[in-house]
$ cat final01.pdb   # PDB, C-alpha atoms, pLDDT in the B column
ATOM      1  CA  MET A 645     -28.024  29.491 -13.215  1.00 82.00           C
ATOM      2  CA  ARG A 646     -25.583  27.765 -10.839  1.00 89.00           C
ATOM      3  CA  CYS A 647     -26.893  27.114  -7.340  1.00 93.00           C
ATOM      4  CA  PHE A 648     -26.146  25.177  -4.175  1.00 95.00           C
ATOM      5  CA  ALA A 649     -27.472  24.704  -0.638  1.00 96.00           C
ATOM      6  CA  ALA A 650     -25.223  25.121   2.386  1.00 97.00           C
ATOM      7  CA  LEU A 651     -25.180  25.490   6.128  1.00 98.00           C
ATOM      8  CA  GLU A 652     -24.149  28.945   7.211  1.00 97.00           C
ATOM      9  CA  LEU A 653     -21.309  29.166   9.708  1.00 97.00           C
ATOM     10  CA  PRO A 654     -21.416  31.638  12.610  1.00 97.00           C
ATOM     11  CA  ALA A 655     -19.168  34.670  12.025  1.00 97.00           C
ATOM     12  CA  PRO A 656     -16.832  33.777  14.956  1.00 97.00           C
ATOM     13  CA  VAL A 657     -16.237  30.322  13.420  1.00 97.00           C
ATOM     14  CA  ARG A 658     -15.466  31.852  10.019  1.00 97.00           C
ATOM     15  CA  ARG A 659     -13.052  34.334  11.661  1.00 97.00           C
ATOM     16  CA  HIS A 660     -11.374  31.535  13.622  1.00 97.00           C
ATOM     17  CA  LEU A 661     -10.882  29.467  10.461  1.00 97.00           C
ATOM     18  CA  ALA A 662      -9.466  32.456   8.564  1.00 97.00           C
ATOM     19  CA  ARG A 663      -7.005  33.272  11.376  1.00 96.00           C
ATOM     20  CA  THR A 664      -5.979  29.637  11.843  1.00 96.00           C
ATOM     21  CA  ILE A 665      -5.101  29.067   8.189  1.00 96.00           C
ATOM     22  CA  GLU A 666      -3.121  32.313   7.888  1.00 96.00           C
ATOM     23  CA  PRO A 667       0.239  30.419   8.009  1.00 94.00           C
ATOM     24  CA  LEU A 668      -0.922  28.329   5.020  1.00 94.00           C
ATOM     25  CA  ARG A 669      -1.644  31.304   2.768  1.00 92.00           C
ATOM     26  CA  ARG A 670       1.910  31.178   1.387  1.00 91.00           C
ATOM     27  CA  PHE A 671       0.920  28.049  -0.551  1.00 91.00           C
ATOM     28  CA  PRO A 672      -0.512  28.423  -4.092  1.00 88.00           C
ATOM     29  CA  LEU A 673      -4.227  27.992  -3.423  1.00 91.00           C
ATOM     30  CA  ARG A 674      -7.324  29.948  -4.434  1.00 91.00           C
ATOM     31  CA  TRP A 675      -8.456  30.675  -0.896  1.00 94.00           C
ATOM     32  CA  VAL A 676     -12.172  31.000  -0.110  1.00 94.00           C
ATOM     33  CA  PRO A 677     -12.837  34.477   1.326  1.00 94.00           C
ATOM     34  CA  GLU A 678     -13.788  34.450   5.017  1.00 96.00           C
ATOM     35  CA  ASP A 679     -17.293  35.785   4.355  1.00 94.00           C
ATOM     36  CA  GLN A 680     -17.990  32.921   1.910  1.00 94.00           C
ATOM     37  CA  LEU A 681     -16.976  29.998   4.156  1.00 97.00           C
ATOM     38  CA  HIS A 682     -19.861  27.529   4.475  1.00 97.00           C
ATOM     39  CA  LEU A 683     -20.659  23.810   4.614  1.00 98.00           C
ATOM     40  CA  THR A 684     -22.066  22.712   1.250  1.00 97.00           C
ATOM     41  CA  LEU A 685     -24.900  20.182   1.439  1.00 97.00           C
ATOM     42  CA  TRP A 686     -25.944  19.996  -2.208  1.00 96.00           C
ATOM     43  CA  PHE A 687     -24.481  21.432  -5.391  1.00 93.00           C
ATOM     44  CA  ALA A 688     -26.705  21.699  -8.443  1.00 89.00           C
ATOM     45  CA  GLY A 689     -24.170  23.088 -10.868  1.00 82.00           C
ATOM     46  CA  GLU A 690     -25.992  24.490 -13.878  1.00 83.00           C
ATOM     47  CA  PHE A 691     -29.687  24.645 -13.002  1.00 83.00           C
ATOM     48  CA  ASP A 692     -32.621  25.639 -15.204  1.00 87.00           C
ATOM     49  CA  PRO A 693     -33.759  29.014 -13.801  1.00 89.00           C
ATOM     50  CA  SER A 694     -37.376  28.303 -14.807  1.00 92.00           C
ATOM     51  CA  HIS A 695     -37.464  25.782 -11.906  1.00 92.00           C
ATOM     52  CA  ARG A 696     -36.057  28.208  -9.337  1.00 92.00           C
ATOM     53  CA  ASP A 697     -39.328  29.037  -7.535  1.00 94.00           C
ATOM     54  CA  GLU A 698     -40.412  25.389  -7.424  1.00 94.00           C
ATOM     55  CA  LEU A 699     -37.016  24.345  -6.015  1.00 93.00           C
ATOM     56  CA  LEU A 700     -37.099  27.056  -3.345  1.00 95.00           C
ATOM     57  CA  ALA A 701     -40.658  26.059  -2.365  1.00 95.00           C
ATOM     58  CA  MET A 702     -39.525  22.459  -1.868  1.00 95.00           C
ATOM     59  CA  VAL A 703     -36.532  23.564   0.219  1.00 95.00           C
ATOM     60  CA  ARG A 704     -38.890  25.697   2.348  1.00 96.00           C
ATOM     61  CA  ASP A 705     -40.807  22.494   3.193  1.00 95.00           C
ATOM     62  CA  VAL A 706     -37.773  20.470   4.364  1.00 96.00           C
ATOM     63  CA  GLU A 707     -37.771  19.857   8.105  1.00 95.00           C
ATOM     64  CA  LEU A 708     -34.621  21.356   9.580  1.00 96.00           C
ATOM     65  CA  PRO A 709     -32.822  19.758  12.535  1.00 95.00           C
ATOM     66  CA  ALA A 710     -31.070  21.610  15.337  1.00 95.00           C
ATOM     67  CA  VAL A 711     -27.405  20.998  14.597  1.00 95.00           C
ATOM     68  CA  GLU A 712     -24.327  21.461  16.751  1.00 96.00           C
ATOM     69  CA  LEU A 713     -21.025  20.987  14.963  1.00 98.00           C
ATOM     70  CA  GLN A 714     -17.355  21.404  15.763  1.00 97.00           C
ATOM     71  CA  LEU A 715     -14.176  21.859  13.769  1.00 97.00           C
ATOM     72  CA  ALA A 716     -12.132  18.651  13.675  1.00 95.00           C
ATOM     73  CA  GLY A 717      -8.816  19.505  12.031  1.00 94.00           C
ATOM     74  CA  LEU A 718      -7.630  20.224   8.512  1.00 96.00           C
ATOM     75  CA  SER A 719      -7.490  17.750   5.668  1.00 94.00           C
ATOM     76  CA  HIS A 720      -7.636  17.536   1.889  1.00 94.00           C
ATOM     77  CA  PHE A 721      -9.426  15.932  -1.030  1.00 94.00           C
ATOM     78  CA  PRO A 722      -8.742  13.488  -2.441  1.00 92.00           C
ATOM     79  CA  PRO A 723      -7.700  11.839   0.824  1.00 88.00           C
ATOM     80  CA  LYS A 724      -4.943   9.907  -0.965  1.00 86.00           C
ATOM     81  CA  GLY A 725      -2.596  11.270  -3.569  1.00 81.00           C
ATOM     82  CA  MET A 726      -2.012  14.832  -4.665  1.00 84.00           C
ATOM     83  CA  PRO A 727      -4.389  17.234  -2.878  1.00 89.00           C
ATOM     84  CA  ARG A 728      -6.738  19.403  -4.919  1.00 91.00           C
ATOM     85  CA  VAL A 729      -8.898  20.872  -2.117  1.00 95.00           C
ATOM     86  CA  VAL A 730      -7.949  21.865   1.434  1.00 96.00           C
ATOM     87  CA  HIS A 731     -10.781  21.750   3.941  1.00 97.00           C
ATOM     88  CA  ALA A 732     -11.698  21.891   7.609  1.00 97.00           C
ATOM     89  CA  ALA A 733     -13.109  18.592   8.796  1.00 96.00           C
ATOM     90  CA  VAL A 734     -16.358  18.840  10.736  1.00 97.00           C
ATOM     91  CA  GLY A 735     -17.563  16.695  13.622  1.00 97.00           C
ATOM     92  CA  GLY A 736     -20.543  16.766  15.958  1.00 97.00           C
ATOM     93  CA  ASP A 737     -24.085  16.212  14.676  1.00 96.00           C
ATOM     94  CA  VAL A 738     -22.947  15.057  11.230  1.00 97.00           C
ATOM     95  CA  GLU A 739     -25.658  12.380  10.850  1.00 97.00           C
ATOM     96  CA  PRO A 740     -28.558  14.878  10.725  1.00 97.00           C
ATOM     97  CA  VAL A 741     -26.427  17.024   8.409  1.00 98.00           C
ATOM     98  CA  ALA A 742     -25.889  14.042   6.083  1.00 97.00           C
ATOM     99  CA  ASP A 743     -29.649  13.295   6.216  1.00 97.00           C
ATOM    100  CA  LEU A 744     -30.414  16.905   5.289  1.00 97.00           C
ATOM    101  CA  ALA A 745     -27.911  16.710   2.419  1.00 97.00           C
ATOM    102  CA  ASP A 746     -29.626  13.528   1.216  1.00 96.00           C
ATOM    103  CA  GLN A 747     -33.074  15.191   1.317  1.00 96.00           C
ATOM    104  CA  LEU A 748     -31.766  18.137  -0.712  1.00 96.00           C
ATOM    105  CA  THR A 749     -30.122  15.764  -3.187  1.00 95.00           C
ATOM    106  CA  ALA A 750     -33.456  13.948  -3.615  1.00 95.00           C
ATOM    107  CA  ILE A 751     -35.136  17.286  -4.335  1.00 95.00           C
ATOM    108  CA  GLY A 752     -32.438  18.042  -6.897  1.00 93.00           C
ATOM    109  CA  GLU A 753     -33.025  14.719  -8.631  1.00 93.00           C
ATOM    110  CA  ARG A 754     -36.601  15.832  -9.325  1.00 92.00           C
ATOM    111  CA  PHE A 755     -35.026  18.587 -11.431  1.00 90.00           C
ATOM    112  CA  ASP A 756     -32.585  16.249 -13.202  1.00 89.00           C
ATOM    113  CA  VAL A 757     -29.614  17.201 -11.021  1.00 90.00           C
ATOM    114  CA  PRO A 758     -27.600  13.978 -10.796  1.00 89.00           C
ATOM    115  CA  ARG A 759     -26.681  12.518  -7.430  1.00 89.00           C
ATOM    116  CA  GLU A 760     -23.027  12.981  -6.439  1.00 88.00           C
ATOM    117  CA  ARG A 761     -21.037   9.778  -6.952  1.00 87.00           C
ATOM    118  CA  ARG A 762     -19.032  10.251  -3.763  1.00 88.00           C
ATOM    119  CA  SER A 763     -20.496   9.873  -0.289  1.00 91.00           C
ATOM    120  CA  PHE A 764     -21.297  13.071   1.579  1.00 95.00           C
ATOM    121  CA  VAL A 765     -18.493  14.258   3.886  1.00 96.00           C
ATOM    122  CA  ALA A 766     -19.238  17.226   6.146  1.00 97.00           C
ATOM    123  CA  HIS A 767     -16.477  19.780   5.566  1.00 98.00           C
ATOM    124  CA  VAL A 768     -15.754  23.448   4.961  1.00 98.00           C
ATOM    125  CA  THR A 769     -13.743  24.083   1.784  1.00 97.00           C
ATOM    126  CA  LEU A 770     -10.914  26.503   2.527  1.00 97.00           C
ATOM    127  CA  GLY A 771      -9.035  26.564  -0.759  1.00 95.00           C
ATOM    128  CA  ARG A 772      -8.292  24.842  -4.058  1.00 92.00           C
ATOM    129  CA  LEU A 773      -4.769  24.158  -5.253  1.00 90.00           C
ATOM    130  CA  LYS A 774      -3.735  26.174  -8.283  1.00 83.00           C
ATOM    131  CA  SER A 775      -0.549  24.192  -8.801  1.00 80.00           C
ATOM    132  CA  PRO A 776       0.996  20.992  -7.436  1.00 78.00           C
ATOM    133  CA  PHE A 777       4.105  23.035  -6.582  1.00 78.00           C
ATOM    134  CA  GLY A 778       4.528  22.934  -2.811  1.00 78.00           C
ATOM    135  CA  ALA A 779       1.711  20.422  -2.293  1.00 84.00           C
ATOM    136  CA  LEU A 780       3.871  18.011  -0.282  1.00 83.00           C
ATOM    137  CA  ALA A 781       5.047  20.821   2.015  1.00 86.00           C
ATOM    138  CA  LEU A 782       1.400  21.863   2.397  1.00 90.00           C
ATOM    139  CA  LEU A 783       0.469  18.336   3.501  1.00 88.00           C
ATOM    140  CA  ASP A 784       3.142  18.507   6.193  1.00 86.00           C
ATOM    141  CA  GLN A 785       1.660  21.769   7.496  1.00 92.00           C
ATOM    142  CA  LEU A 786      -2.036  20.788   7.412  1.00 92.00           C
ATOM    143  CA  GLU A 787      -1.932  18.514  10.429  1.00 87.00           C
ATOM    144  CA  GLN A 788       0.192  20.904  12.458  1.00 91.00           C
ATOM    145  CA  VAL A 789      -1.970  23.958  11.725  1.00 94.00           C
ATOM    146  CA  GLY A 790      -5.177  21.923  12.008  1.00 92.00           C
ATOM    147  CA  ALA A 791      -4.256  20.915  15.562  1.00 91.00           C
ATOM    148  CA  THR A 792      -4.693  24.572  16.575  1.00 92.00           C
ATOM    149  CA  LEU A 793      -8.371  24.671  15.529  1.00 92.00           C
ATOM    150  CA  ASN A 794     -10.722  25.209  18.448  1.00 90.00           C
ATOM    151  CA  PRO A 795     -13.010  22.133  18.641  1.00 91.00           C
ATOM    152  CA  LYS A 796     -15.615  24.041  20.692  1.00 93.00           C
ATOM    153  CA  PRO A 797     -19.136  23.073  19.523  1.00 96.00           C
ATOM    154  CA  PHE A 798     -21.200  25.701  17.717  1.00 97.00           C
ATOM    155  CA  ALA A 799     -24.839  25.892  16.658  1.00 97.00           C
ATOM    156  CA  VAL A 800     -25.536  26.207  12.945  1.00 97.00           C
ATOM    157  CA  PRO A 801     -27.641  29.315  12.368  1.00 96.00           C
ATOM    158  CA  ALA A 802     -29.190  28.707   8.942  1.00 97.00           C
ATOM    159  CA  LEU A 803     -29.630  26.740   5.753  1.00 98.00           C
ATOM    160  CA  VAL A 804     -29.041  28.934   2.702  1.00 98.00           C
ATOM    161  CA  VAL A 805     -29.681  28.313  -0.988  1.00 96.00           C
ATOM    162  CA  TYR A 806     -27.213  30.370  -3.008  1.00 96.00           C
ATOM    163  CA  GLU A 807     -26.946  31.384  -6.613  1.00 93.00           C
ATOM    164  CA  SER A 808     -23.288  31.191  -7.610  1.00 88.00           C
ATOM    165  CA  ARG A 809     -21.881  33.354 -10.398  1.00 86.00           C
ATOM    166  CA  LEU A 810     -18.391  32.649 -11.689  1.00 82.00           C
ATOM    167  CA  MET A 811     -16.390  35.874 -11.889  1.00 81.00           C
ATOM    168  CA  PRO A 812     -12.733  36.479 -12.877  1.00 81.00           C
ATOM    169  CA  THR A 813     -11.993  37.192  -9.194  1.00 76.00           C
ATOM    170  CA  GLY A 814     -13.745  33.995  -8.034  1.00 76.00           C
ATOM    171  CA  PRO A 815     -17.325  32.874  -7.440  1.00 81.00           C
ATOM    172  CA  LEU A 816     -19.867  35.359  -6.143  1.00 83.00           C
ATOM    173  CA  HIS A 817     -22.577  33.835  -3.936  1.00 89.00           C
ATOM    174  CA  ARG A 818     -25.983  35.496  -3.623  1.00 93.00           C
ATOM    175  CA  PRO A 819     -28.546  34.074  -1.170  1.00 96.00           C
ATOM    176  CA  LEU A 820     -31.855  33.087  -2.756  1.00 96.00           C
ATOM    177  CA  LEU A 821     -33.386  31.576   0.398  1.00 96.00           C
ATOM    178  CA  GLN A 822     -32.322  31.543   4.032  1.00 97.00           C
ATOM    179  CA  ARG A 823     -33.996  29.441   6.733  1.00 97.00           C
ATOM    180  CA  ALA A 824     -33.029  29.551  10.390  1.00 97.00           C
ATOM    181  CA  LEU A 825     -32.275  26.207  12.005  1.00 96.00           C
ATOM    182  CA  PRO A 826     -33.886  25.441  15.373  1.00 95.00           C
ATOM    183  CA  GLN A 827     -31.560  26.242  18.259  1.00 85.00           C
TER     184      GLN A 827
END
$ encode --input "final01.pdb" --output "structure tokens"
Amino acid sequence: MRCFAALELPAPVRRHLARTIEPLRRFPLRWVPEDQLHLTLWFAGEFDPSHRDELLAMVRDVELPAVELQLAGLSHFPPKGMPRVVHAAVGGDVEPVADLADQLTAIGERFDVPRERRSFVAHVTLGRLKSPFGALALLDQLEQVGATLNPKPFAVPALVVYESRLMPTGPLHRPLLQRALPQ
């Protein structure tokens, strides 16, 4: 079983992101569908399904902070060199989000899920490059299109643990647990 934990984005924020990146859709990326946009906190990859209930019980016990975030432009990973992932940068209450990601990572380590080598960066993945063709032109457009993102703060509604199934049409995410964040 593949699973991950993420912060849910309010529907108006997902719609705004989808509309804003519309001019970028001409570039060869596998775009994340609007209804699947989220902020990943912890990715387990392949996870032993026999530990599912124990994992979910531990996530139920994590104290959740009230979090207000805002969109902070468009960028890419890796930050230097040829881009592989296009994302929306996130600002606002990123410290409690990073702390929550660290708590979830610590839970994952109890189930032999290795800690990510890179530091946590709050972001919303928008698409993954299928080909380097047009990547330099894409980089030129990211900043320009990203400047049109509305930086209005928004409350995060929920923490969700998803099961992720890889399908020929792209990943299918099914919620296993959803917990409302304090508002």
$ resolve_selection --input "final01.pdb" --expression "the PyMOL selection byres ((chain A and resi 681) around 9)" --output "mmCIF file with C-alpha atoms, in the coordinates of the input"
data_model
loop_
_atom_site.group_PDB
_atom_site.id
_atom_site.type_symbol
_atom_site.label_atom_id
_atom_site.label_comp_id
_atom_site.auth_asym_id
_atom_site.auth_seq_id
_atom_site.Cartn_x
_atom_site.Cartn_y
_atom_site.Cartn_z
ATOM 1 C CA GLU A 652 -24.149 28.945 7.211
ATOM 2 C CA LEU A 653 -21.309 29.166 9.708
ATOM 3 C CA ARG A 658 -15.466 31.852 10.019
ATOM 4 C CA LEU A 661 -10.882 29.467 10.461
ATOM 5 C CA VAL A 676 -12.172 31.000 -0.110
ATOM 6 C CA PRO A 677 -12.837 34.477 1.326
ATOM 7 C CA GLU A 678 -13.788 34.450 5.017
ATOM 8 C CA ASP A 679 -17.293 35.785 4.355
ATOM 9 C CA GLN A 680 -17.990 32.921 1.910
ATOM 10 C CA HIS A 682 -19.861 27.529 4.475
ATOM 11 C CA LEU A 683 -20.659 23.810 4.614
ATOM 12 C CA VAL A 768 -15.754 23.448 4.961
ATOM 13 C CA THR A 769 -13.743 24.083 1.784
ATOM 14 C CA LEU A 770 -10.914 26.503 2.527
#
$ atom_distance --input "final01.pdb" --atom1 "atom CA of A:Leu718" --atom2 "atom CA of A:Lys796"
15.1 Å
$ closest_residue --input "final01.pdb" --among "A:Ala688, A:Leu810, A:Leu793, A:Val711" --to "A:Arg659" --atoms "all atoms listed in the file"
A:Leu793
$ closest_residue --input "final01.pdb" --among "A:Glu712, A:Gly689, A:Val703, A:Ala650" --to "A:Arg759" --atoms "all atoms listed in the file"
A:Gly689
$ resolve_selection --input "final01.pdb" --expression "the PyMOL selection byres ((chain A and resi 664) around 12)" --output "list in words"
Val657, Arg658, Arg659, His660, Leu661, Ala662, Arg663, Ile665, Glu666, Pro667, Leu668, Arg669, Glu678, Leu715, Gly717, Leu718, Ala732, Leu770, Gln785, Leu786, Glu787, Gln788, Val789, Gly790, Ala791, Thr792, Leu793 and Asn794 of chain A
$ resolve_selection --input "final01.pdb" --expression "the PyMOL selection byres ((chain A and resi 699) around 12)" --output "number ranges by chain"
A: 647-649, 688, 691-698, 700-706, 748-757, 805-806, 820-821
$ closest_residue --input "final01.pdb" --among "A:Pro709, A:Pro722, A:Pro801, A:Gly771" --to "A:Pro740" --atoms "all atoms listed in the file"
A:Pro709
$ residues_around --input "final01.pdb" --residues "A:Glu760" --least-positions-apart "4" --cutoff "9 Å" --atoms "only C-alpha atoms" --output "list in words"
Trp686, Phe687, Thr749 and Phe764 of chain A
$ write_last_selection --input "final01.pdb" --atoms "C-alpha atoms" --output "JSON list (two decimals), in the frame of the given file"
[["chain", "number", "residue", "atom", "x", "y", "z"],
["A", 686, "TRP", "CA", -25.94, 20.00, -2.21],
["A", 687, "PHE", "CA", -24.48, 21.43, -5.39],
["A", 749, "THR", "CA", -30.12, 15.76, -3.19],
["A", 764, "PHE", "CA", -21.30, 13.07, 1.58]]
$ closest_residue --input "final01.pdb" --among "A:Val738, A:Leu803, A:Met726, A:Leu708" --to "A:Leu773" --atoms "only C-alpha atoms"
A:Met726
$ atom_distance --input "final01.pdb" --atom1 "atom CA of A:Ala766" --atom2 "atom CA of A:Ala733"
6.8 Å
$ atom_distance --input "final01.pdb" --atom1 "atom CA of A:Gln822" --atom2 "atom CA of A:Ala799"
15.7 Å
$ decode --input "final01.pdb" --residues "stretch 758-778 of chain A" --atoms "N, CA, C and O atoms" --output "mmCIF file, in the first residue's frame"
data_model
loop_
_atom_site.group_PDB
_atom_site.id
_atom_site.type_symbol
_atom_site.label_atom_id
_atom_site.label_comp_id
_atom_site.auth_asym_id
_atom_site.auth_seq_id
_atom_site.Cartn_x
_atom_site.Cartn_y
_atom_site.Cartn_z
ATOM 1 N N PRO A 758 11.776 5.527 5.985
ATOM 2 C CA PRO A 758 12.942 6.387 6.196
ATOM 3 C C PRO A 758 12.595 7.870 6.115
ATOM 4 O O PRO A 758 11.686 8.277 5.395
ATOM 5 N N ARG A 759 13.339 8.640 6.878
ATOM 6 C CA ARG A 759 13.193 10.099 6.878
ATOM 7 C C ARG A 759 13.682 10.640 5.539
ATOM 8 O O ARG A 759 14.683 10.187 5.003
ATOM 9 N N GLU A 760 12.965 11.611 5.003
ATOM 10 C CA GLU A 760 13.360 12.283 3.754
ATOM 11 C C GLU A 760 14.712 12.957 3.955
ATOM 12 O O GLU A 760 14.962 13.567 4.993
ATOM 13 N N ARG A 761 15.587 12.842 2.965
ATOM 14 C CA ARG A 761 16.916 13.455 3.074
ATOM 15 C C ARG A 761 16.852 14.977 2.981
ATOM 16 O O ARG A 761 17.647 15.672 3.588
ATOM 17 N N ARG A 762 15.918 15.475 2.190
ATOM 18 C CA ARG A 762 15.805 16.926 2.014
ATOM 19 C C ARG A 762 14.970 17.528 3.130
ATOM 20 O O ARG A 762 14.085 16.871 3.681
ATOM 21 N N SER A 763 15.229 18.794 3.419
ATOM 22 C CA SER A 763 14.431 19.515 4.416
ATOM 23 C C SER A 763 13.016 19.719 3.890
ATOM 24 O O SER A 763 12.803 19.850 2.684
ATOM 25 N N PHE A 764 12.069 19.779 4.797
ATOM 26 C CA PHE A 764 10.674 20.004 4.429
ATOM 27 C C PHE A 764 10.516 21.425 3.872
ATOM 28 O O PHE A 764 11.005 22.387 4.458
ATOM 29 N N VAL A 765 9.821 21.535 2.749
ATOM 30 C CA VAL A 765 9.475 22.824 2.147
ATOM 31 C C VAL A 765 7.976 22.790 1.875
ATOM 32 O O VAL A 765 7.494 21.933 1.114
ATOM 33 N N ALA A 766 7.241 23.694 2.509
ATOM 34 C CA ALA A 766 5.787 23.741 2.306
ATOM 35 C C ALA A 766 5.496 24.189 0.874
ATOM 36 O O ALA A 766 5.923 25.259 0.449
ATOM 37 N N HIS A 767 4.787 23.338 0.134
ATOM 38 C CA HIS A 767 4.465 23.639 -1.262
ATOM 39 C C HIS A 767 3.290 22.784 -1.719
ATOM 40 O O HIS A 767 2.943 21.793 -1.075
ATOM 41 N N VAL A 768 2.703 23.184 -2.825
ATOM 42 C CA VAL A 768 1.633 22.423 -3.461
ATOM 43 C C VAL A 768 2.142 22.016 -4.839
ATOM 44 O O VAL A 768 2.386 22.877 -5.693
ATOM 45 N N THR A 769 2.346 20.725 -5.054
ATOM 46 C CA THR A 769 2.807 20.243 -6.362
ATOM 47 C C THR A 769 1.695 20.462 -7.381
ATOM 48 O O THR A 769 0.548 20.061 -7.163
ATOM 49 N N LEU A 770 2.071 21.091 -8.504
ATOM 50 C CA LEU A 770 1.118 21.370 -9.569
ATOM 51 C C LEU A 770 1.309 20.444 -10.761
ATOM 52 O O LEU A 770 0.356 20.096 -11.447
ATOM 53 N N GLY A 771 2.551 20.067 -11.036
ATOM 54 C CA GLY A 771 2.809 19.194 -12.166
ATOM 55 C C GLY A 771 4.240 18.702 -12.179
ATOM 56 O O GLY A 771 5.115 19.283 -11.535
ATOM 57 N N ARG A 772 4.459 17.620 -12.931
ATOM 58 C CA ARG A 772 5.789 17.031 -13.086
ATOM 59 C C ARG A 772 6.141 17.030 -14.564
ATOM 60 O O ARG A 772 5.306 16.634 -15.397
ATOM 61 N N LEU A 773 7.355 17.469 -14.876
ATOM 62 C CA LEU A 773 7.773 17.539 -16.266
ATOM 63 C C LEU A 773 7.895 16.152 -16.872
ATOM 64 O O LEU A 773 8.499 15.264 -16.281
ATOM 65 N N LYS A 774 7.317 16.002 -18.054
ATOM 66 C CA LYS A 774 7.411 14.742 -18.788
ATOM 67 C C LYS A 774 8.650 14.734 -19.670
ATOM 68 O O LYS A 774 9.153 13.684 -20.016
ATOM 69 N N SER A 775 9.097 15.934 -20.040
ATOM 70 C CA SER A 775 10.199 16.057 -20.990
ATOM 71 C C SER A 775 10.915 17.377 -20.720
ATOM 72 O O SER A 775 10.283 18.354 -20.327
ATOM 73 N N PRO A 776 12.223 17.433 -20.941
ATOM 74 C CA PRO A 776 12.920 18.710 -20.756
ATOM 75 C C PRO A 776 12.613 19.715 -21.873
ATOM 76 O O PRO A 776 12.944 20.888 -21.758
ATOM 77 N N PHE A 777 11.934 19.260 -22.930
ATOM 78 C CA PHE A 777 11.595 20.142 -24.037
ATOM 79 C C PHE A 777 10.707 21.287 -23.528
ATOM 80 O O PHE A 777 9.680 21.059 -22.905
ATOM 81 N N GLY A 778 11.126 22.490 -23.742
ATOM 82 C CA GLY A 778 10.357 23.658 -23.321
ATOM 83 C C GLY A 778 10.569 24.076 -21.879
ATOM 84 O O GLY A 778 9.935 25.012 -21.406
#
